[in-house]
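K.L.:
Quick one, target23.pdb (PDB, C-alpha atoms, pLDDT in the B column):
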```
ATOM      1  CA  MET A  82      98.672  -0.628 -17.940  1.00 75.00           C
ATOM      2  CA  ILE A  83      95.699  -2.068 -16.136  1.00 90.00           C
ATOM      3  CA  PRO A  84      94.081  -4.996 -17.932  1.00 96.00           C
ATOM      4  CA  ARG A  85      90.308  -4.884 -18.220  1.00 97.00           C
ATOM      5  CA  LEU A  86      87.767  -7.553 -19.030  1.00 97.00           C
ATOM      6  CA  ALA A  87      87.228  -7.929 -22.766  1.00 97.00           C
ATOM      7  CA  HIS A  88      83.969  -7.031 -24.486  1.00 96.00           C
ATOM      8  CA  ALA A  89      82.142  -9.268 -26.962  1.00 97.00           C
ATOM      9  CA  TYR A  90      82.670  -6.773 -29.800  1.00 96.00           C
ATOM     10  CA  GLU A  91      86.458  -7.265 -29.385  1.00 96.00           C
ATOM     11  CA  ALA A  92      86.416 -11.028 -30.084  1.00 97.00           C
ATOM     12  CA  GLU A  93      87.583 -10.781 -33.686  1.00 97.00           C
ATOM     13  CA  ALA A  94      90.404  -8.357 -32.854  1.00 96.00           C
ATOM     14  CA  ILE A  95      91.501 -10.584 -29.964  1.00 97.00           C
ATOM     15  CA  ALA A  96      91.593 -13.672 -32.200  1.00 97.00           C
ATOM     16  CA  ARG A  97      93.635 -11.773 -34.817  1.00 97.00           C
ATOM     17  CA  LEU A  98      96.097 -10.571 -32.173  1.00 97.00           C
ATOM     18  CA  ILE A  99      96.559 -14.079 -30.761  1.00 98.00           C
ATOM     19  CA  ASP A 100      97.126 -15.552 -34.220  1.00 97.00           C
ATOM     20  CA  ALA A 101      99.616 -12.784 -35.054  1.00 97.00           C
ATOM     21  CA  ALA A 102     101.467 -13.307 -31.773  1.00 97.00           C
ATOM     22  CA  TYR A 103     101.979 -17.016 -32.523  1.00 96.00           C
ATOM     23  CA  GLN A 104     102.736 -16.625 -36.247  1.00 97.00           C
ATOM     24  CA  PRO A 105     106.521 -16.305 -35.780  1.00 95.00           C
ATOM     25  CA  TYR A 106     106.557 -19.776 -34.200  1.00 94.00           C
ATOM     26  CA  ARG A 107     104.549 -21.201 -37.091  1.00 96.00           C
ATOM     27  CA  ASP A 108     106.987 -19.528 -39.478  1.00 97.00           C
ATOM     28  CA  GLN A 109     109.763 -21.481 -37.710  1.00 95.00           C
ATOM     29  CA  GLY A 110     107.908 -24.726 -38.382  1.00 95.00           C
ATOM     30  CA  VAL A 111     106.372 -25.181 -34.930  1.00 94.00           C
ATOM     31  CA  VAL A 112     103.044 -26.996 -35.265  1.00 93.00           C
ATOM     32  CA  LEU A 113     100.640 -25.424 -32.788  1.00 94.00           C
ATOM     33  CA  PRO A 114      97.078 -26.272 -31.872  1.00 91.00           C
ATOM     34  CA  ASP A 115      94.307 -23.731 -32.475  1.00 93.00           C
ATOM     35  CA  VAL A 116      95.407 -20.841 -30.250  1.00 93.00           C
ATOM     36  CA  SER A 117      92.526 -18.465 -30.933  1.00 95.00           C
ATOM     37  CA  GLY A 118      89.465 -20.688 -30.813  1.00 94.00           C
ATOM     38  CA  GLY A 119      86.689 -20.210 -28.291  1.00 96.00           C
ATOM     39  CA  ILE A 120      87.235 -16.479 -27.800  1.00 97.00           C
ATOM     40  CA  ASP A 121      83.499 -15.688 -27.765  1.00 97.00           C
ATOM     41  CA  ARG A 122      82.840 -18.294 -25.055  1.00 97.00           C
ATOM     42  CA  ALA A 123      85.820 -17.181 -22.978  1.00 98.00           C
ATOM     43  CA  ILE A 124      84.724 -13.533 -23.127  1.00 98.00           C
ATOM     44  CA  ALA A 125      81.188 -14.508 -22.081  1.00 98.00           C
ATOM     45  CA  ALA A 126      82.656 -16.493 -19.181  1.00 98.00           C
ATOM     46  CA  GLY A 127      84.717 -13.494 -18.003  1.00 98.00           C
ATOM     47  CA  GLN A 128      88.014 -15.228 -18.769  1.00 98.00           C
ATOM     48  CA  ILE A 129      89.694 -12.696 -21.048  1.00 98.00           C
ATOM     49  CA  TRP A 130      91.420  -9.478 -20.030  1.00 98.00           C
ATOM     50  CA  VAL A 131      92.958  -7.055 -22.516  1.00 98.00           C
ATOM     51  CA  THR A 132      95.253  -4.050 -22.566  1.00 96.00           C
ATOM     52  CA  GLY A 133      95.446  -1.201 -25.020  1.00 90.00           C
ATOM     53  CA  ARG A 134      93.576   2.003 -25.672  1.00 79.00           C
ATOM     54  CA  ALA A 135      92.767   2.444 -29.361  1.00 81.00           C
ATOM     55  CA  GLU A 136      93.404  -1.211 -30.148  1.00 90.00           C
ATOM     56  CA  VAL A 137      94.102  -4.356 -28.175  1.00 95.00           C
ATOM     57  CA  GLN A 138      97.825  -4.757 -27.435  1.00 96.00           C
ATOM     58  CA  GLY A 139      97.792  -7.694 -25.035  1.00 97.00           C
ATOM     59  CA  VAL A 140      95.490 -10.590 -24.136  1.00 98.00           C
ATOM     60  CA  LEU A 141      95.252 -12.679 -20.993  1.00 98.00           C
ATOM     61  CA  MET A 142      93.025 -15.771 -20.884  1.00 98.00           C
ATOM     62  CA  LEU A 143      92.573 -17.060 -17.338  1.00 98.00           C
ATOM     63  CA  ALA A 144      90.169 -19.503 -15.701  1.00 98.00           C
ATOM     64  CA  LEU A 145      89.728 -18.986 -11.970  1.00 98.00           C
ATOM     65  CA  ALA A 146      88.394 -21.995 -10.058  1.00 97.00           C
ATOM     66  CA  PRO A 147      89.709 -21.852  -6.480  1.00 97.00           C
ATOM     67  CA  PRO A 148      91.808 -23.426  -5.151  1.00 98.00           C
ATOM     68  CA  LYS A 149      93.403 -23.519  -8.623  1.00 97.00           C
ATOM     69  CA  ALA A 150      93.685 -21.200 -11.582  1.00 98.00           C
ATOM     70  CA  HIS A 151      94.537 -22.075 -15.176  1.00 98.00           C
ATOM     71  CA  LEU A 152      96.465 -19.616 -17.302  1.00 98.00           C
ATOM     72  CA  MET A 153      95.147 -20.498 -20.750  1.00 97.00           C
ATOM     73  CA  ASN A 154      96.940 -17.943 -22.913  1.00 97.00           C
ATOM     74  CA  VAL A 155      99.005 -14.779 -22.911  1.00 97.00           C
ATOM     75  CA  ALA A 156      99.524 -13.006 -26.210  1.00 97.00           C
ATOM     76  CA  VAL A 157     101.096  -9.681 -27.085  1.00 97.00           C
ATOM     77  CA  SER A 158     100.721  -7.804 -30.350  1.00 96.00           C
ATOM     78  CA  PRO A 159     103.859  -8.002 -32.492  1.00 95.00           C
ATOM     79  CA  ASP A 160     103.994  -4.180 -32.319  1.00 92.00           C
ATOM     80  CA  ALA A 161     104.119  -4.280 -28.509  1.00 93.00           C
ATOM     81  CA  ARG A 162     106.654  -7.099 -28.064  1.00 92.00           C
ATOM     82  CA  GLY A 163     109.756  -6.517 -25.994  1.00 91.00           C
ATOM     83  CA  LYS A 164     108.183  -3.943 -23.688  1.00 92.00           C
ATOM     84  CA  GLY A 165     107.410  -6.234 -20.743  1.00 91.00           C
ATOM     85  CA  LEU A 166     103.699  -6.468 -21.456  1.00 94.00           C
ATOM     86  CA  GLY A 167     103.672 -10.283 -21.366  1.00 93.00           C
ATOM     87  CA  GLY A 168     105.251 -10.292 -17.926  1.00 92.00           C
ATOM     88  CA  LYS A 169     102.762  -7.706 -16.708  1.00 94.00           C
ATOM     89  CA  LEU A 170      99.844  -9.789 -17.982  1.00 96.00           C
ATOM     90  CA  ILE A 171     101.238 -12.860 -16.240  1.00 96.00           C
ATOM     91  CA  GLY A 172     101.618 -10.807 -13.047  1.00 95.00           C
ATOM     92  CA  HIS A 173      97.994  -9.717 -13.381  1.00 97.00           C
ATOM     93  CA  ALA A 174      96.940 -13.368 -13.693  1.00 97.00           C
ATOM     94  CA  VAL A 175      98.816 -14.224 -10.495  1.00 97.00           C
ATOM     95  CA  ALA A 176      97.262 -11.263  -8.658  1.00 97.00           C
ATOM     96  CA  LEU A 177      93.738 -12.188  -9.787  1.00 98.00           C
ATOM     97  CA  ALA A 178      94.258 -15.804  -8.734  1.00 98.00           C
ATOM     98  CA  LYS A 179      95.476 -14.757  -5.285  1.00 98.00           C
ATOM     99  CA  GLU A 180      92.587 -12.307  -4.941  1.00 97.00           C
ATOM    100  CA  VAL A 181      89.985 -15.062  -5.347  1.00 98.00           C
ATOM    101  CA  GLY A 182      91.779 -17.471  -3.015  1.00 98.00           C
ATOM    102  CA  CYS A 183      93.639 -19.741  -5.413  1.00 98.00           C
ATOM    103  CA  GLU A 184      96.605 -21.618  -3.984  1.00 98.00           C
ATOM    104  CA  GLU A 185      98.152 -22.545  -7.328  1.00 98.00           C
ATOM    105  CA  ILE A 186      98.157 -21.408 -10.923  1.00 98.00           C
ATOM    106  CA  ALA A 187      99.005 -23.793 -13.767  1.00 98.00           C
ATOM    107  CA  LEU A 188      99.589 -23.640 -17.507  1.00 98.00           C
ATOM    108  CA  ALA A 189     100.717 -25.731 -20.439  1.00 97.00           C
ATOM    109  CA  ALA A 190     103.289 -24.380 -22.890  1.00 96.00           C
ATOM    110  CA  HIS A 191     104.371 -25.922 -26.183  1.00 96.00           C
ATOM    111  CA  VAL A 192     107.771 -27.564 -25.728  1.00 96.00           C
ATOM    112  CA  ASP A 193     109.213 -25.612 -28.687  1.00 95.00           C
ATOM    113  CA  LEU A 194     108.284 -22.199 -27.241  1.00 95.00           C
ATOM    114  CA  THR A 195     111.479 -22.102 -25.207  1.00 93.00           C
ATOM    115  CA  GLU A 196     111.549 -18.330 -24.715  1.00 90.00           C
ATOM    116  CA  ASN A 197     108.044 -18.448 -23.216  1.00 92.00           C
ATOM    117  CA  ILE A 198     109.037 -21.303 -20.901  1.00 95.00           C
ATOM    118  CA  ALA A 199     112.131 -19.336 -19.834  1.00 94.00           C
ATOM    119  CA  LEU A 200     109.970 -16.287 -19.082  1.00 91.00           C
ATOM    120  CA  TYR A 201     107.637 -18.317 -16.883  1.00 94.00           C
ATOM    121  CA  GLN A 202     110.607 -19.828 -15.036  1.00 95.00           C
ATOM    122  CA  HIS A 203     112.077 -16.351 -14.549  1.00 92.00           C
ATOM    123  CA  LEU A 204     108.741 -15.292 -13.028  1.00 92.00           C
ATOM    124  CA  GLY A 205     108.773 -18.117 -10.474  1.00 94.00           C
ATOM    125  CA  TRP A 206     107.021 -20.971 -12.281  1.00 97.00           C
ATOM    126  CA  GLU A 207     108.263 -24.549 -12.055  1.00 97.00           C
ATOM    127  CA  GLU A 208     108.043 -27.350 -14.553  1.00 97.00           C
ATOM    128  CA  ALA A 209     105.528 -29.928 -13.303  1.00 97.00           C
ATOM    129  CA  GLY A 210     105.939 -32.500 -16.072  1.00 97.00           C
ATOM    130  CA  ARG A 211     105.617 -33.087 -19.773  1.00 97.00           C
ATOM    131  CA  ASP A 212     102.801 -34.511 -21.823  1.00 94.00           C
ATOM    132  CA  GLY A 213     103.696 -35.053 -25.460  1.00 93.00           C
ATOM    133  CA  ASN A 214     104.622 -31.637 -26.853  1.00 94.00           C
ATOM    134  CA  ARG A 215     103.381 -29.751 -23.783  1.00 96.00           C
ATOM    135  CA  VAL A 216     105.390 -28.580 -20.802  1.00 97.00           C
ATOM    136  CA  MET A 217     103.171 -28.401 -17.747  1.00 98.00           C
ATOM    137  CA  MET A 218     104.099 -25.578 -15.384  1.00 98.00           C
ATOM    138  CA  LYS A 219     102.765 -24.373 -12.060  1.00 98.00           C
ATOM    139  CA  ARG A 220     103.306 -21.731  -9.465  1.00 97.00           C
ATOM    140  CA  ARG A 221     102.281 -21.844  -5.823  1.00 97.00           C
ATOM    141  CA  LEU A 222     100.580 -18.658  -4.666  1.00 96.00           C
TER     142      LEU A 222
END
```
Would you encode the structure as structure tokens?
P.N.:
Amino acid sequence: MIPRLAHAYEAEAIARLIDAAYQPYRDQGVVLPDVSGGIDRAIAAGQIWVTGRAEVQGVLMLALAPPKAHLMNVAVSPDARGKGLGGKLIGHAVALAKEVGCEEIALAAHVDLTENIALYQHLGWEEAGRDGNRVMMKRRL
């Protein structure tokens, strides 16, 4: 599994995958912001990496602006959940950030997405504060 930069023709499939990945939280009553907006712009800016051969299985949205990086989104197809793909995508984000000279990578997670927050903590991220319904997390590189 080596993520590659997304192509413009994949924007619709990427948006569908992201929406599908977050649907279980919505089904539990979690009110989320728009999680799949701006895909076209992010692809054009070189901020989206994908995995999968015949169809997209995982999505990584990452903004690199040394000395900091911002992990904007990680989403895994419901069919590919539980196979470690999310952790691999997060690892790829960390590697890319280090490669371009970033000293820190940050993200914001919805406070109700506790399993995601636990995964980030397991992978070495620390909580950096809370802002409303967002948990701010960071990792030194």
K.L.:
Calculate how many Å separate CA of Gln128 in chain A from CA of Ser158 in chain A, rounding to one decimal.
P.N.:
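One can read the CA of Gln128 in chain A to CA of Ser158 in chain A distance as 18.7 Å.
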K.L.:
Determine the residue membership of the PyMOL selection byres ((chain A and resi 122) around 12) for the file above and supply it as a VMD selection string.
P.N.:
chain A and resid 87 to 89 92 117 to 121 123 to 129 142 144
K.L.:
Rounded to one decimal in Å, what is the spacing between CA of Val192 in chain A and CA of Ala94 in chain A?
P.N.:
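Computing the Euclidean distance for CA of Val192 in chain A and CA of Ala94 in chain A yields 26.9 Å.
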K.L.:
Taking 4 positions as the minimum chain separation for residues in the same chain, which residues sit within 8 Å of Tyr106 in chain A when counting all atoms listed in the file? Answer as a PyMOL selection string.
P.N.:
chain A and resi 110-111+194
K.L.:
Any idea what the distance is between CA of Pro159 in chain A and CA of Leu143 in chain A?
P.N.:
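Value for the CA of Pro159 in chain A-CA of Leu143 in chain A distance: 21.0 Å.
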K.L.:
Name the residues in contact with Gly205 in chain A at a cut-off of 9 Å, using all atoms listed in the file, excluding same-chain residues fewer than 6 positions from it; report them as number ranges by chain.
P.N.:
A: 219-221
K.L.:
Please dump the current selection as an mmCIF file, keeping the file's coordinate frame; keep C-alpha atoms.
P.N.:
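Result saved to result02.cif:
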```
data_model
loop_
_atom_site.group_PDB
_atom_site.id
_atom_site.type_symbol
_atom_site.label_atom_id
_atom_site.label_comp_id
_atom_site.auth_asym_id
_atom_site.auth_seq_id
_atom_site.Cartn_x
_atom_site.Cartn_y
_atom_site.Cartn_z
ATOM 1 C CA LYS A 219 102.765 -24.373 -12.060
ATOM 2 C CA ARG A 220 103.306 -21.731 -9.465
ATOM 3 C CA ARG A 221 102.281 -21.844 -5.823
#
```
